[in-house]
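Worksheet: the structure to be examined is printed underneath.
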Amino acid sequence: MSRHWPWLLLIPAALFVLIRGLSPGRPIELEKQELLERHQELLRAVRQGDLDAWLALETEDYVECSDGQIREPSVSERRAKLSLWLGSLNLQRYEDASDPIVEVANDGSLAWLFTRIHLVGTKKNEDGGETGIDSLEPWVELYQKVQGEWKLRGRQSGRCEGVSTP
């Protein structure tokens, strides 16, 4: 028997370390579950009109893409815009129309979530009346791991019939 045979045991161990080094420290399925929970926190904050809870889920350096524009609004700009948007709506339903699709980057630093939001309610008109809303809004959310926590880094949203997206 060769005196080097113990070194042969290191080959599988080295391969294991190499393969694990290509993925995050936590299993991807756990990361996906955490992202789905974070997404549900966002939907709940919108339904409850809780702007502070909504903004707490986002990074400060946030990017949004809607209506053909890419913007990087400050937190105060987002607060003002979202406050007006939430104040104009009376939501009866604001939830995923189907199961979101979630992917996590191999290094565990970024993730994205594709979904369609079903929005039902009313929107206040400029004349004081209300318009009914029943529409689907496609979203892509980009998440970034910040100090061990998933934060919403940006969102691309489609346009709903009868209501513009925030």
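Ligands are numbered from 1 in the order shown, chains are lettered A, B, ... in the order of the structure tokens, and residues start at 1 in each chain.
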
8 Å contact set for Trp150 in chain A, only C-alpha atoms, chain neighbours under 4 positions out, as a PyMOL selection string = chain A and resi 34-35+38+143-146

task = Would you kindly return, as a ChimeraX atom specification, each protein, DNA or RNA residue with an atom no farther than 9 Å from any atom of Val120 in chain A, considering only C-alpha atoms and excluding same-chain residues fewer than 6 positions away?
result = /A:90-94,132-136

Output of the above residues as a PDB file, in the first residue's frame, restricted to all heavy atoms:
ATOM      1  N   ASN A  90     -57.963  52.401  -2.782  1.00  0.00           N
ATOM      2  CA  ASN A  90     -58.676  51.618  -1.784  1.00  0.00           C
ATOM      3  C   ASN A  90     -58.609  50.183  -2.297  1.00  0.00           C
ATOM      4  O   ASN A  90     -59.324  49.817  -3.228  1.00  0.00           O
ATOM      5  CB  ASN A  90     -60.116  52.093  -1.637  1.00  0.00           C
ATOM      6  CG  ASN A  90     -60.873  51.293  -0.609  1.00  0.00           C
ATOM      7  OD1 ASN A  90     -60.305  50.510   0.148  1.00  0.00           O
ATOM      8  ND2 ASN A  90     -62.180  51.475  -0.590  1.00  0.00           N
ATOM      9  N   LEU A  91     -57.702  49.393  -1.720  1.00  0.00           N
ATOM     10  CA  LEU A  91     -57.435  48.049  -2.223  1.00  0.00           C
ATOM     11  C   LEU A  91     -58.293  47.002  -1.514  1.00  0.00           C
ATOM     12  O   LEU A  91     -58.332  46.956  -0.292  1.00  0.00           O
ATOM     13  CB  LEU A  91     -55.961  47.696  -2.033  1.00  0.00           C
ATOM     14  CG  LEU A  91     -54.952  48.549  -2.794  1.00  0.00           C
ATOM     15  CD1 LEU A  91     -53.536  48.195  -2.364  1.00  0.00           C
ATOM     16  CD2 LEU A  91     -55.120  48.352  -4.288  1.00  0.00           C
ATOM     17  N   GLN A  92     -58.960  46.182  -2.307  1.00  0.00           N
ATOM     18  CA  GLN A  92     -59.628  45.015  -1.763  1.00  0.00           C
ATOM     19  C   GLN A  92     -58.763  43.771  -1.978  1.00  0.00           C
ATOM     20  O   GLN A  92     -58.868  42.805  -1.233  1.00  0.00           O
ATOM     21  CB  GLN A  92     -60.991  44.781  -2.444  1.00  0.00           C
ATOM     22  CG  GLN A  92     -62.088  45.715  -1.952  1.00  0.00           C
ATOM     23  CD  GLN A  92     -62.031  47.054  -2.658  1.00  0.00           C
ATOM     24  OE1 GLN A  92     -61.965  47.118  -3.877  1.00  0.00           O
ATOM     25  NE2 GLN A  92     -62.058  48.124  -1.888  1.00  0.00           N
ATOM     26  N   ARG A  93     -57.925  43.833  -2.988  1.00  0.00           N
ATOM     27  CA  ARG A  93     -57.064  42.688  -3.292  1.00  0.00           C
ATOM     28  C   ARG A  93     -55.745  43.202  -3.865  1.00  0.00           C
ATOM     29  O   ARG A  93     -55.745  44.063  -4.737  1.00  0.00           O
ATOM     30  CB  ARG A  93     -57.766  41.789  -4.309  1.00  0.00           C
ATOM     31  CG  ARG A  93     -57.043  40.513  -4.600  1.00  0.00           C
ATOM     32  CD  ARG A  93     -57.897  39.622  -5.497  1.00  0.00           C
ATOM     33  NE  ARG A  93     -57.202  38.375  -5.735  1.00  0.00           N
ATOM     34  CZ  ARG A  93     -57.638  37.439  -6.525  1.00  0.00           C
ATOM     35  NH1 ARG A  93     -58.786  37.585  -7.146  1.00  0.00           N
ATOM     36  NH2 ARG A  93     -56.953  36.334  -6.690  1.00  0.00           N
ATOM     37  N   TYR A  94     -54.653  42.680  -3.371  1.00  0.00           N
ATOM     38  CA  TYR A  94     -53.318  43.011  -3.863  1.00  0.00           C
ATOM     39  C   TYR A  94     -52.449  41.815  -3.543  1.00  0.00           C
ATOM     40  O   TYR A  94     -51.906  41.696  -2.442  1.00  0.00           O
ATOM     41  CB  TYR A  94     -52.794  44.275  -3.178  1.00  0.00           C
ATOM     42  CG  TYR A  94     -51.596  44.882  -3.859  1.00  0.00           C
ATOM     43  CD1 TYR A  94     -51.747  45.668  -4.990  1.00  0.00           C
ATOM     44  CD2 TYR A  94     -50.317  44.670  -3.363  1.00  0.00           C
ATOM     45  CE1 TYR A  94     -50.653  46.233  -5.619  1.00  0.00           C
ATOM     46  CE2 TYR A  94     -49.220  45.229  -3.983  1.00  0.00           C
ATOM     47  CZ  TYR A  94     -49.395  46.019  -5.105  1.00  0.00           C
ATOM     48  OH  TYR A  94     -48.299  46.571  -5.724  1.00  0.00           O
ATOM     49  N   GLY A 132     -63.152  52.036 -10.607  1.00  0.00           N
ATOM     50  CA  GLY A 132     -62.865  50.664 -10.231  1.00  0.00           C
ATOM     51  C   GLY A 132     -61.619  50.148 -10.936  1.00  0.00           C
ATOM     52  O   GLY A 132     -61.328  50.519 -12.073  1.00  0.00           O
ATOM     53  N   ILE A 133     -60.884  49.287 -10.245  1.00  0.00           N
ATOM     54  CA  ILE A 133     -59.658  48.690 -10.783  1.00  0.00           C
ATOM     55  C   ILE A 133     -59.756  47.179 -10.617  1.00  0.00           C
ATOM     56  O   ILE A 133     -60.115  46.689  -9.538  1.00  0.00           O
ATOM     57  CB  ILE A 133     -58.409  49.171 -10.020  1.00  0.00           C
ATOM     58  CG1 ILE A 133     -58.280  50.673 -10.050  1.00  0.00           C
ATOM     59  CG2 ILE A 133     -57.163  48.505 -10.581  1.00  0.00           C
ATOM     60  CD1 ILE A 133     -57.274  51.198  -9.044  1.00  0.00           C
ATOM     61  N   ASP A 134     -59.451  46.459 -11.663  1.00  0.00           N
ATOM     62  CA  ASP A 134     -59.309  45.007 -11.609  1.00  0.00           C
ATOM     63  C   ASP A 134     -58.312  44.658 -12.696  1.00  0.00           C
ATOM     64  O   ASP A 134     -58.677  44.534 -13.857  1.00  0.00           O
ATOM     65  CB  ASP A 134     -60.649  44.309 -11.850  1.00  0.00           C
ATOM     66  CG  ASP A 134     -60.559  42.799 -11.658  1.00  0.00           C
ATOM     67  OD1 ASP A 134     -59.429  42.279 -11.494  1.00  0.00           O
ATOM     68  OD2 ASP A 134     -61.615  42.145 -11.671  1.00  0.00           O
ATOM     69  N   SER A 135     -57.055  44.537 -12.334  1.00  0.00           N
ATOM     70  CA  SER A 135     -56.018  44.365 -13.346  1.00  0.00           C
ATOM     71  C   SER A 135     -54.877  43.502 -12.843  1.00  0.00           C
ATOM     72  O   SER A 135     -54.755  43.239 -11.652  1.00  0.00           O
ATOM     73  CB  SER A 135     -55.497  45.726 -13.792  1.00  0.00           C
ATOM     74  OG  SER A 135     -54.958  46.426 -12.692  1.00  0.00           O
ATOM     75  N   LEU A 136     -54.068  43.087 -13.787  1.00  0.00           N
ATOM     76  CA  LEU A 136     -52.855  42.323 -13.500  1.00  0.00           C
ATOM     77  C   LEU A 136     -51.653  43.193 -13.831  1.00  0.00           C
ATOM     78  O   LEU A 136     -51.641  43.877 -14.850  1.00  0.00           O
ATOM     79  CB  LEU A 136     -52.797  41.054 -14.338  1.00  0.00           C
ATOM     80  CG  LEU A 136     -53.839  40.001 -14.029  1.00  0.00           C
ATOM     81  CD1 LEU A 136     -53.756  38.874 -15.042  1.00  0.00           C
ATOM     82  CD2 LEU A 136     -53.662  39.453 -12.615  1.00  0.00           C
TER      83      LEU A 136
END

request  = For range 54-65 of chain A, list every protein, DNA or RNA residue within 7 Å, evaluated using only C-alpha atoms, and leave out those in the same chain fewer than 4 positions away; present the list as a ChimeraX atom specification.
outcome  = /A:42,45-46,50,69-73,75,151-157

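Remark: for Trp139 in chain A, the closest of the candidate residues A:Ser74, A:Ser66, A:Asn125, A:Gln48 is A:Ser66 (distances computed over only C-alpha atoms).
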
request  = Extract, using only C-alpha atoms, all DNA, RNA and protein residues at most 12 Å from Ser109 in chain A, discarding same-chain residues fewer than 2 positions from it, and format them as a PyMOL selection string.
outcome  = chain A and resi 22-26+28+31+103-107+111-112+142-151+153

ask   = Please, what distance in Å, to one decimal, runs between CA of Glu130 in chain A and CA of Glu77 in chain A?
value = 25.7 Å

ask   = Using the chain letters and numbers from this document, which residues of range 4-166 of chain A does DSSP assign to strand (DSSP E), as an MDAnalysis selection string?
value = chainID A and resid 58:66 69:71 89:96 101:104 110:124 130:146 149:157

remark   = As a check of understanding: the span from CA of Ser83 in chain A to CA of Thr115 in chain A is 23.0 Å

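Here CA of Ser98 in chain A stands at a distance of 6.7 Å from CA of Arg116 in chain A.
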
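When the distance limit is 10 Å and only C-alpha atoms are what count, the residues near Thr131 in chain A, minus those fewer than 2 positions from it on the same chain, are Leu89, Gly121, Thr122, Lys123, Lys124, Asn125, Gly128, Gly129, Ile133, Gly162 and Val163 of chain A.
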